[in-house]
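Peer 1: What follows is coords11.tsv; its format and atoms are TSV, C-alpha atoms.
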```tsv
chain	number	residue	atom	x	y	z
A	1	MET	CA	3.75	2.11	42.74
A	2	ALA	CA	4.77	1.60	39.13
A	3	VAL	CA	8.40	0.67	38.55
A	4	LYS	CA	10.16	3.18	36.29
A	5	VAL	CA	11.88	1.57	33.34
A	6	THR	CA	15.38	2.87	32.63
A	7	LYS	CA	16.66	3.82	29.17
A	8	ALA	CA	18.98	0.83	29.13
A	9	GLU	CA	16.08	-1.55	29.82
A	10	LYS	CA	14.02	0.10	27.06
A	11	LYS	CA	16.87	-0.42	24.59
A	12	VAL	CA	17.21	-4.09	25.57
A	13	SER	CA	13.45	-4.60	25.21
A	14	TYR	CA	13.41	-2.85	21.84
A	15	ASP	CA	16.36	-4.92	20.62
A	16	LYS	CA	14.63	-8.19	21.58
A	17	LYS	CA	11.42	-7.11	19.86
A	18	LEU	CA	13.18	-6.14	16.63
A	19	CYS	CA	15.24	-9.36	16.54
A	20	LYS	CA	12.13	-11.47	17.13
A	21	LEU	CA	10.32	-9.71	14.29
A	22	LEU	CA	13.29	-10.23	11.95
A	23	ASP	CA	13.21	-13.97	12.67
A	24	THR	CA	9.43	-14.22	12.31
A	25	TYR	CA	8.78	-12.12	9.20
A	26	GLN	CA	10.46	-12.39	5.82
A	27	GLN	CA	8.70	-9.39	4.25
A	28	ILE	CA	9.24	-5.78	5.38
A	29	LEU	CA	8.04	-2.45	4.05
A	30	ILE	CA	10.34	0.50	4.77
A	31	VAL	CA	8.06	3.55	5.09
A	32	GLY	CA	8.69	7.28	5.41
A	33	ALA	CA	6.88	8.89	8.33
A	34	ASP	CA	7.39	12.63	7.80
A	35	ASN	CA	4.62	14.77	9.34
A	36	VAL	CA	2.73	11.70	10.58
A	37	GLY	CA	1.21	12.21	14.02
A	38	SER	CA	0.82	9.68	16.82
A	39	ASN	CA	-2.98	9.46	16.43
A	40	GLN	CA	-2.63	8.81	12.71
A	41	LEU	CA	0.01	6.16	13.40
A	42	GLN	CA	-2.32	4.49	15.86
A	43	MET	CA	-5.06	4.33	13.21
A	44	ILE	CA	-2.63	2.69	10.79
A	45	ARG	CA	-1.66	0.10	13.40
A	46	LYS	CA	-5.32	-0.75	13.96
A	47	GLY	CA	-5.96	-1.03	10.22
A	48	LEU	CA	-3.03	-3.42	9.73
A	49	ARG	CA	-3.70	-5.47	12.83
A	50	GLY	CA	-3.78	-9.19	12.15
A	51	ASP	CA	-0.96	-9.93	9.73
A	52	SER	CA	1.24	-6.83	9.97
A	53	ILE	CA	3.16	-5.00	12.71
A	54	VAL	CA	4.40	-1.40	12.56
A	55	LEU	CA	7.68	-0.69	14.35
A	56	MET	CA	9.10	2.81	14.71
A	57	GLY	CA	12.36	3.82	16.36
A	58	LYS	CA	15.63	5.66	16.07
A	59	ASN	CA	17.69	4.77	13.04
A	60	THR	CA	20.88	4.31	15.04
A	61	MET	CA	19.20	1.83	17.37
A	62	MET	CA	17.61	-0.12	14.52
A	63	LYS	CA	20.88	-0.27	12.57
A	64	ARG	CA	22.79	-1.48	15.64
A	65	SER	CA	20.22	-4.19	16.43
A	66	ILE	CA	20.10	-5.41	12.83
A	67	ARG	CA	23.89	-5.53	12.54
A	68	ILE	CA	24.35	-7.47	15.80
A	69	HIS	CA	21.49	-9.85	14.94
A	70	ALA	CA	23.00	-10.56	11.51
A	71	GLU	CA	26.34	-11.41	13.14
A	72	LYS	CA	24.71	-13.73	15.70
A	73	THR	CA	22.53	-15.60	13.22
A	74	GLY	CA	24.97	-15.49	10.29
A	75	ASN	CA	22.17	-14.18	8.08
A	76	ASN	CA	23.77	-11.27	6.24
A	77	ALA	CA	20.60	-10.69	4.22
A	78	PHE	CA	19.37	-8.46	7.05
A	79	LEU	CA	22.23	-6.04	6.35
A	80	ALA	CA	20.41	-4.90	3.21
A	81	LEU	CA	17.94	-3.10	5.49
A	82	ILE	CA	20.61	-0.82	6.96
A	83	GLU	CA	21.05	1.21	3.76
A	84	CYS	CA	17.29	1.89	3.68
A	85	LEU	CA	17.19	3.37	7.21
A	86	VAL	CA	17.71	7.00	6.23
A	87	GLY	CA	15.55	9.88	7.47
A	88	ASN	CA	12.34	9.55	9.44
A	89	VAL	CA	11.43	5.96	8.59
A	90	GLY	CA	9.71	2.97	10.14
A	91	LEU	CA	9.34	-0.75	9.43
A	92	ILE	CA	6.16	-2.67	8.66
A	93	PHE	CA	6.62	-6.42	9.15
A	94	THR	CA	4.00	-8.46	7.30
A	95	LYS	CA	3.03	-11.96	6.22
A	96	GLY	CA	0.32	-10.74	3.88
A	97	ASP	CA	0.42	-9.73	0.24
A	98	LEU	CA	2.87	-6.86	-0.13
A	99	LYS	CA	0.74	-5.00	-2.67
A	100	GLU	CA	-2.41	-5.24	-0.54
A	101	VAL	CA	-0.55	-4.07	2.58
A	102	SER	CA	0.97	-1.15	0.64
A	103	GLU	CA	-2.49	-0.13	-0.63
A	104	GLU	CA	-3.92	-0.37	2.89
A	105	VAL	CA	-1.17	1.89	4.25
A	106	SER	CA	-1.82	4.51	1.56
A	107	LYS	CA	-5.48	4.81	2.66
A	108	TYR	CA	-4.56	6.43	5.96
A	109	LYS	CA	-3.72	9.94	4.80
A	110	VAL	CA	-4.77	12.98	6.79
A	111	GLY	CA	-5.20	16.52	5.49
A	112	ALA	CA	-2.77	19.03	6.95
A	113	PRO	CA	-2.60	22.85	6.87
A	114	ALA	CA	0.20	24.69	5.07
A	115	ARG	CA	2.48	25.62	7.96
A	116	VAL	CA	5.18	28.22	7.59
A	117	GLY	CA	8.50	26.74	6.49
A	118	LEU	CA	7.12	23.45	5.16
A	119	VAL	CA	8.28	22.33	1.73
A	120	ALA	CA	5.21	21.96	-0.49
A	121	PRO	CA	4.86	18.38	-1.83
A	122	ILE	CA	2.37	19.58	-4.47
A	123	ASP	CA	1.27	22.76	-6.26
A	124	VAL	CA	-1.32	24.71	-4.27
A	125	VAL	CA	-4.06	26.49	-6.23
A	126	VAL	CA	-6.73	28.68	-4.64
A	127	PRO	CA	-10.01	28.04	-6.49
A	128	PRO	CA	-12.36	30.86	-7.57
A	129	GLY	CA	-15.53	31.55	-5.62
A	130	ASN	CA	-16.93	33.26	-2.57
A	131	THR	CA	-14.54	33.16	0.38
A	132	GLY	CA	-17.01	34.28	3.05
A	133	LEU	CA	-14.50	36.87	4.28
A	134	ASP	CA	-15.50	40.50	4.84
A	135	PRO	CA	-13.96	43.29	2.68
A	136	SER	CA	-11.48	44.22	5.42
A	137	GLN	CA	-9.54	41.01	4.64
A	138	THR	CA	-8.63	42.03	1.08
A	139	SER	CA	-5.05	42.87	2.15
A	140	PHE	CA	-4.17	39.16	2.23
A	141	PHE	CA	-5.28	38.77	-1.38
A	142	GLN	CA	-3.49	41.91	-2.53
A	143	VAL	CA	-0.15	40.73	-1.10
A	144	LEU	CA	-0.42	37.50	-3.12
A	145	ASN	CA	-1.74	39.27	-6.26
A	146	ILE	CA	-5.03	37.38	-6.21
A	147	PRO	CA	-7.76	39.17	-8.22
A	148	THR	CA	-10.91	39.68	-6.13
A	149	LYS	CA	-14.17	41.59	-6.09
A	150	ILE	CA	-16.74	42.45	-3.44
A	151	ASN	CA	-19.97	40.51	-3.91
A	152	LYS	CA	-22.86	40.83	-1.42
A	153	GLY	CA	-20.58	42.15	1.31
A	154	THR	CA	-17.94	39.37	1.01
A	155	VAL	CA	-14.70	38.89	-0.90
A	156	GLU	CA	-14.95	36.72	-3.99
A	157	ILE	CA	-11.96	35.30	-5.89
A	158	ILE	CA	-12.36	35.84	-9.64
A	159	THR	CA	-9.89	33.34	-11.14
A	160	PRO	CA	-7.90	30.37	-9.81
A	161	VAL	CA	-4.42	31.36	-8.65
A	162	GLU	CA	-1.38	29.19	-7.92
A	163	ILE	CA	0.11	30.57	-4.71
A	164	ILE	CA	2.63	27.80	-3.88
A	165	LYS	CA	4.65	25.67	-6.28
A	166	LYS	CA	5.86	22.16	-5.58
A	167	GLY	CA	9.21	22.20	-3.80
A	168	GLU	CA	8.88	25.77	-2.49
A	169	LYS	CA	8.70	26.68	1.20
A	170	VAL	CA	5.40	27.94	2.53
A	171	GLY	CA	5.53	31.64	3.45
A	172	SER	CA	3.68	33.40	6.26
A	173	SER	CA	1.25	35.17	3.89
A	174	GLU	CA	0.33	31.96	2.04
A	175	SER	CA	-0.10	30.08	5.32
A	176	ALA	CA	-2.34	32.81	6.82
A	177	LEU	CA	-4.52	33.02	3.71
A	178	LEU	CA	-5.03	29.25	3.42
A	179	SER	CA	-5.83	29.11	7.12
A	180	LYS	CA	-8.50	31.82	6.75
A	181	LEU	CA	-10.00	29.98	3.77
A	182	LEU	CA	-10.01	26.71	5.80
A	183	ILE	CA	-7.99	24.99	3.08
A	184	LYS	CA	-5.76	22.06	4.03
A	185	PRO	CA	-3.80	21.57	0.81
A	186	PHE	CA	-1.42	18.86	1.97
A	187	SER	CA	-2.05	15.28	3.02
A	188	TYR	CA	0.42	13.14	4.92
A	189	GLY	CA	0.73	9.46	5.69
A	190	LEU	CA	3.19	6.60	5.68
A	191	ILE	CA	4.87	6.37	2.27
A	192	VAL	CA	6.43	3.09	1.16
A	193	GLN	CA	10.02	3.85	0.14
A	194	SER	CA	11.52	0.37	-0.22
A	195	VAL	CA	10.45	-3.26	-0.02
A	196	TYR	CA	12.44	-6.07	1.62
A	197	ASP	CA	11.54	-9.63	0.64
A	198	ASN	CA	13.68	-12.60	1.71
A	199	GLY	CA	16.96	-10.70	1.50
A	200	SER	CA	16.13	-8.68	-1.64
A	201	VAL	CA	15.43	-4.95	-1.54
A	202	PHE	CA	13.54	-3.32	-4.42
A	203	SER	CA	11.46	-0.27	-5.29
A	204	PRO	CA	7.74	-0.22	-4.41
A	205	GLU	CA	6.94	0.38	-8.11
A	206	VAL	CA	7.62	-3.32	-8.63
A	207	LEU	CA	4.47	-4.11	-6.65
A	208	GLU	CA	2.38	-2.31	-9.30
A	209	LEU	CA	3.56	-4.61	-12.10
A	210	THR	CA	0.93	-6.93	-13.56
A	211	ASP	CA	1.37	-10.24	-15.36
A	212	ASN	CA	1.00	-8.44	-18.70
A	213	ASP	CA	3.80	-6.02	-17.75
A	214	LEU	CA	6.09	-8.90	-16.83
A	215	VAL	CA	5.33	-10.72	-20.10
A	216	ALA	CA	5.97	-7.53	-22.11
A	217	ARG	CA	9.32	-6.91	-20.38
A	218	PHE	CA	10.34	-10.53	-20.80
A	219	ALA	CA	9.49	-10.36	-24.51
A	220	ALA	CA	11.50	-7.14	-24.90
A	221	GLY	CA	14.50	-8.73	-23.19
A	222	LEU	CA	14.18	-11.86	-25.30
A	223	THR	CA	14.14	-9.73	-28.46
A	224	ASN	CA	17.39	-8.06	-27.38
A	225	VAL	CA	19.02	-11.44	-26.72
A	226	VAL	CA	17.98	-12.75	-30.15
A	227	GLY	CA	19.21	-9.60	-31.89
A	228	LEU	CA	22.59	-9.71	-30.14
A	229	SER	CA	22.98	-13.43	-30.84
A	230	MET	CA	22.21	-12.92	-34.54
A	231	ILE	CA	24.73	-10.09	-34.85
A	232	LEU	CA	27.50	-12.03	-33.10
A	233	ASP	CA	26.58	-15.37	-34.75
A	234	TYR	CA	26.48	-16.82	-31.26
A	235	PRO	CA	23.85	-19.57	-30.88
A	236	THR	CA	21.44	-19.28	-27.96
A	237	LEU	CA	18.23	-21.15	-27.24
A	238	ALA	CA	16.15	-18.13	-28.26
A	239	ALA	CA	18.12	-17.42	-31.45
A	240	ILE	CA	18.51	-20.98	-32.81
A	241	PRO	CA	15.06	-21.07	-34.58
A	242	HIS	CA	15.87	-17.80	-36.36
A	243	MET	CA	19.32	-19.09	-37.32
A	244	PHE	CA	17.80	-22.24	-38.82
A	245	ILE	CA	15.32	-20.17	-40.83
A	246	ASN	CA	18.03	-17.87	-42.14
A	247	SER	CA	20.21	-20.86	-43.02
A	248	TYR	CA	17.29	-22.45	-44.87
A	249	LYS	CA	16.78	-19.22	-46.84
A	250	ASN	CA	20.44	-19.14	-47.82
A	251	VAL	CA	20.45	-22.80	-48.96
A	252	LEU	CA	17.18	-22.28	-50.84
A	253	SER	CA	18.60	-19.22	-52.61
A	254	PHE	CA	21.66	-21.27	-53.62
A	255	ALA	CA	19.47	-24.13	-54.89
A	256	ILE	CA	17.36	-21.76	-57.01
A	257	ALA	CA	20.42	-20.13	-58.53
A	258	THR	CA	22.10	-23.46	-59.35
A	259	GLU	CA	21.17	-27.00	-60.44
A	260	TYR	CA	21.47	-28.26	-56.89
A	261	SER	CA	18.17	-29.31	-55.34
A	262	PHE	CA	16.69	-30.92	-52.24
A	263	LEU	CA	13.24	-31.98	-51.12
A	264	GLN	CA	12.13	-28.65	-49.62
A	265	ALA	CA	13.39	-26.72	-52.67
A	266	GLU	CA	11.68	-28.79	-55.37
A	267	LYS	CA	8.22	-27.27	-54.92
A	268	VAL	CA	9.65	-23.75	-54.94
A	269	LYS	CA	11.55	-24.46	-58.13
A	270	GLU	CA	8.43	-25.95	-59.71
A	271	TYR	CA	6.45	-22.86	-58.81
A	272	LEU	CA	9.08	-20.55	-60.31
A	273	LYS	CA	9.14	-22.57	-63.55
A	274	ASN	CA	5.35	-22.63	-64.02
A	275	PRO	CA	3.46	-20.17	-61.77
A	276	SER	CA	0.26	-20.54	-63.83
A	277	LYS	CA	-0.03	-24.15	-62.78
A	278	PHE	CA	-0.56	-23.11	-59.18
A	279	ALA	CA	-2.80	-20.17	-60.12
A	280	VAL	CA	-5.26	-22.43	-62.08
A	281	ALA	CA	-5.34	-25.10	-59.44
A	282	ALA	CA	-6.85	-22.84	-56.78
A	283	PRO	CA	-10.25	-22.06	-58.47
A	284	VAL	CA	-10.64	-25.67	-59.65
A	285	ALA	CA	-10.12	-26.92	-56.13
A	286	ALA	CA	-12.61	-24.41	-54.79
A	287	ALA	CA	-15.35	-25.31	-57.31
A	288	PRO	CA	-16.34	-28.72	-55.86
A	289	SER	CA	-16.71	-27.24	-52.41
A	290	ALA	CA	-19.20	-24.67	-53.76
A	291	LYS	CA	-21.27	-27.41	-55.43
A	292	ALA	CA	-21.11	-29.49	-52.30
A	293	LYS	CA	-22.53	-26.59	-50.27
A	294	ALA	CA	-25.33	-26.06	-52.80
A	295	ALA	CA	-26.41	-29.72	-52.78
A	296	PRO	CA	-27.63	-29.88	-49.17
A	297	ALA	CA	-29.64	-26.74	-49.71
A	298	LYS	CA	-31.60	-28.38	-52.54
A	299	GLU	CA	-32.17	-31.49	-50.47
A	300	GLU	CA	-33.51	-29.42	-47.60
A	301	LYS	CA	-35.99	-27.78	-49.93
A	302	LYS	CA	-37.25	-31.16	-51.08
A	303	GLU	CA	-37.78	-32.33	-47.55
A	304	GLU	CA	-40.04	-29.38	-46.66
A	305	PRO	CA	-43.76	-30.49	-47.12
A	306	GLU	CA	-46.02	-28.13	-49.00
A	307	GLU	CA	-49.15	-27.05	-47.17
A	308	ASP	CA	-52.45	-26.95	-49.07
A	309	GLU	CA	-54.87	-24.13	-48.52
A	310	ASP	CA	-57.63	-26.67	-47.72
A	311	ASP	CA	-55.57	-28.28	-44.98
A	312	PHE	CA	-54.83	-24.86	-43.47
A	313	VAL	CA	-58.48	-23.77	-43.49
A	314	GLY	CA	-59.58	-27.12	-42.13
A	315	GLY	CA	-57.13	-26.78	-39.30
A	316	LEU	CA	-58.76	-23.51	-38.24
A	317	PHE	CA	-62.24	-24.97	-37.91
A	318	ASP	CA	-61.29	-28.34	-36.36
```
Represent the structure of the file as structure tokens.
Peer 2:
Amino acid sequence: MAVKVTKAEKKVSYDKKLCKLLDTYQQILIVGADNVGSNQLQMIRKGLRGDSIVLMGKNTMMKRSIRIHAEKTGNNAFLALIECLVGNVGLIFTKGDLKEVSEEVSKYKVGAPARVGLVAPIDVVVPPGNTGLDPSQTSFFQVLNIPTKINKGTVEIITPVEIIKKGEKVGSSESALLSKLLIKPFSYGLIVQSVYDNGSVFSPEVLELTDNDLVARFAAGLTNVVGLSMILDYPTLAAIPHMFINSYKNVLSFAIATEYSFLQAEKVKEYLKNPSKFAVAAPVAAAPSAKAKAAPAKEEKKEEPEEDEDDFVGGLFD
């Protein structure tokens, strides 16, 4: 006879399991589990088996276990998880790549009918075409103002019609019509809401960032730092090269306007005094290079042996 486990023993067992997972894994995905059935959850567990573990439970129990475990171990980083445990959520402990695990979780979505009272996560549009319903079913379409016609003894929808908007509750008429048309407009699965990694909690959108995105954001931040440093005349490592260049421009402008000179300014002053000197020098310098390129071409022509017609004809009959 099987021994019946009491509620207190179940809580103790659950607490031990959660604490062990917290000590073993440093990466956790907090996922929303609204409208996810037990069979679907079992499929997700099988798909993640190997390097990830899915743990569901009551929020109050999880919060209590996490809080007590943080006090015992002195690791207050676990407390960051408590704020994420809101609504119908679960935890996925993993040692794999967070992005790959998140993508694997998103694969397990199951189509669901539009039940009465559900809040639509997307817009629902009934496509045009033959419905296969007999003419006696036209009342459903008339209630929802869907234009139809009778074609070969069945009801046919003429144009696509949006019957439910995102965020609206599904009514009884919409639910009955979609059920008759065998349309399952919604799909549900575990949705990653937050990511915990070694004490840090961040949005799952961070997992979608590529190296190019990170470089672009770093460059944008660096530009802001340089701009602020230049405005405040406050030297920073990023702004110092720009400050040196601006200082050089100021000194050069002063040298040009006065008799003062320095090594870097002499060539600029010489150019301003006699621009034609630099303009003539460019074609003259380019001329030798053109002759040098032409010389090898002539030599190559000389090296090519000329073939006599007699030699060519003789070669054919040898």
Peer 1: Using only C-alpha atoms, which of the listed residues (A:Glu168, A:Asp197, A:Glu162, A:Glu104) sits closest to Tyr25 of chain A?
Peer 2: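 Under the stated criterion, the closest residue is A:Asp197.
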Peer 1: Under the rule that only C-alpha atoms are counted, which of A:Gln42, A:Gly199, A:Val155, A:Ser194 is the nearest residue to Gln142 of chain A?
Peer 2: A:Val155
Peer 1: Distance atom CA of Ile163 of chain A-atom CA of Gly87 of chain A, one decimal place?
Peer 2: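 So the two atoms, atom CA of Ile163 of chain A and atom CA of Gly87 of chain A, lie 28.5 Å apart.
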Peer 1: Would you kindly return, as an MDAnalysis selection string, each protein, DNA or RNA residue with an atom no farther than 10 Å from any atom of segment 212-222 of chain A, considering all atoms listed in the file and excluding same-chain residues fewer than 5 positions away?
Peer 2: chainID A and resid 227:228 238:239
Peer 1: Atom CA of Asp34 of chain A to atom CA of Leu22 of chain A: how many Å, to one decimal?
Peer 2: 24.0 Å
Peer 1: By how many Å are atom CA of Val226 of chain A and atom CA of Val251 of chain A apart?
Peer 2: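 Straight-line distance from atom CA of Val226 of chain A to atom CA of Val251 of chain A works out to 21.5 Å.
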Peer 1: As a PyMOL selection string, please: the residues near segment 96-98 of chain A (cut-off 8 Å, only C-alpha atoms, same-chain neighbours under 2 positions excluded).
Peer 2: chain A and resi 27+29+51-52+94+100-102+207
Peer 1: Please identify all polymer residues lying at most 12 Å from the point (6.9, 19.6, 1.7) (file coordinates), using all atoms listed in the file, and present the result as a list in words.
Peer 2: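 Protein and nucleic acid residues near the point are Asp34, Asn35, Ala112, Pro113, Ala114, Arg115, Val116, Gly117, Leu118, Val119, Ala120, Pro121, Ile122, Asp123, Val124, Ile164, Lys165, Lys166, Gly167, Glu168, Lys169, Val170, Pro185, Phe186, Ser187 and Tyr188 of chain A.
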Peer 1: Since the input is missing atoms, can you rebuild N, CA, C and O atoms for segment 1-18 of chain A and write them as an mmCIF file, in the frame of the given file?
Peer 2:
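Contents of the output file selection_21.cif:
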```cif
data_model
loop_
_atom_site.group_PDB
_atom_site.id
_atom_site.type_symbol
_atom_site.label_atom_id
_atom_site.label_comp_id
_atom_site.auth_asym_id
_atom_site.auth_seq_id
_atom_site.Cartn_x
_atom_site.Cartn_y
_atom_site.Cartn_z
ATOM 1 N N MET A 1 2.971 1.098 43.449
ATOM 2 C CA MET A 1 3.750 2.110 42.740
ATOM 3 C C MET A 1 4.432 1.487 41.511
ATOM 4 O O MET A 1 5.035 0.425 41.608
ATOM 5 N N ALA A 2 4.227 2.129 40.378
ATOM 6 C CA ALA A 2 4.770 1.600 39.130
ATOM 7 C C ALA A 2 6.291 1.730 39.111
ATOM 8 O O ALA A 2 6.851 2.736 39.542
ATOM 9 N N VAL A 3 6.948 0.679 38.627
ATOM 10 C CA VAL A 3 8.400 0.670 38.550
ATOM 11 C C VAL A 3 8.822 1.426 37.280
ATOM 12 O O VAL A 3 8.357 1.128 36.183
ATOM 13 N N LYS A 4 9.704 2.387 37.436
ATOM 14 C CA LYS A 4 10.160 3.180 36.290
ATOM 15 C C LYS A 4 11.208 2.393 35.519
ATOM 16 O O LYS A 4 12.164 1.880 36.079
ATOM 17 N N VAL A 5 10.965 2.310 34.216
ATOM 18 C CA VAL A 5 11.880 1.570 33.340
ATOM 19 C C VAL A 5 12.999 2.503 32.888
ATOM 20 O O VAL A 5 12.760 3.619 32.422
ATOM 21 N N THR A 6 14.228 2.051 33.020
ATOM 22 C CA THR A 6 15.380 2.870 32.630
ATOM 23 C C THR A 6 15.567 2.830 31.106
ATOM 24 O O THR A 6 15.010 1.979 30.400
ATOM 25 N N LYS A 7 16.382 3.754 30.606
ATOM 26 C CA LYS A 7 16.660 3.820 29.170
ATOM 27 C C LYS A 7 17.371 2.558 28.686
ATOM 28 O O LYS A 7 17.108 2.061 27.594
ATOM 29 N N ALA A 8 18.252 2.038 29.506
ATOM 30 C CA ALA A 8 18.980 0.830 29.130
ATOM 31 C C ALA A 8 18.027 -0.358 28.975
ATOM 32 O O ALA A 8 18.149 -1.162 28.041
ATOM 33 N N GLU A 9 17.066 -0.468 29.899
ATOM 34 C CA GLU A 9 16.080 -1.550 29.820
ATOM 35 C C GLU A 9 15.183 -1.399 28.599
ATOM 36 O O GLU A 9 14.805 -2.389 27.956
ATOM 37 N N LYS A 10 14.844 -0.148 28.255
ATOM 38 C CA LYS A 10 14.020 0.100 27.060
ATOM 39 C C LYS A 10 14.769 -0.329 25.796
ATOM 40 O O LYS A 10 14.181 -0.926 24.889
ATOM 41 N N LYS A 11 16.072 -0.047 25.766
ATOM 42 C CA LYS A 11 16.870 -0.420 24.590
ATOM 43 C C LYS A 11 16.961 -1.935 24.456
ATOM 44 O O LYS A 11 16.868 -2.474 23.348
ATOM 45 N N VAL A 12 17.132 -2.619 25.595
ATOM 46 C CA VAL A 12 17.210 -4.090 25.570
ATOM 47 C C VAL A 12 15.887 -4.682 25.096
ATOM 48 O O VAL A 12 15.850 -5.609 24.282
ATOM 49 N N SER A 13 14.774 -4.125 25.602
ATOM 50 C CA SER A 13 13.450 -4.600 25.210
ATOM 51 C C SER A 13 13.194 -4.351 23.722
ATOM 52 O O SER A 13 12.658 -5.217 23.017
ATOM 53 N N TYR A 14 13.612 -3.177 23.250
ATOM 54 C CA TYR A 14 13.410 -2.850 21.840
ATOM 55 C C TYR A 14 14.254 -3.771 20.952
ATOM 56 O O TYR A 14 13.791 -4.248 19.901
ATOM 57 N N ASP A 15 15.474 -4.046 21.377
ATOM 58 C CA ASP A 15 16.360 -4.920 20.620
ATOM 59 C C ASP A 15 15.773 -6.330 20.509
ATOM 60 O O ASP A 15 15.790 -6.939 19.435
ATOM 61 N N LYS A 16 15.246 -6.852 21.598
ATOM 62 C CA LYS A 16 14.630 -8.190 21.580
ATOM 63 C C LYS A 16 13.422 -8.227 20.652
ATOM 64 O O LYS A 16 13.231 -9.183 19.893
ATOM 65 N N LYS A 17 12.620 -7.164 20.705
ATOM 66 C CA LYS A 17 11.420 -7.110 19.860
ATOM 67 C C LYS A 17 11.792 -7.073 18.385
ATOM 68 O O LYS A 17 11.219 -7.812 17.565
ATOM 69 N N LEU A 18 12.774 -6.252 18.018
ATOM 70 C CA LEU A 18 13.180 -6.140 16.630
ATOM 71 C C LEU A 18 13.782 -7.455 16.132
ATOM 72 O O LEU A 18 13.480 -7.905 15.020
#
```
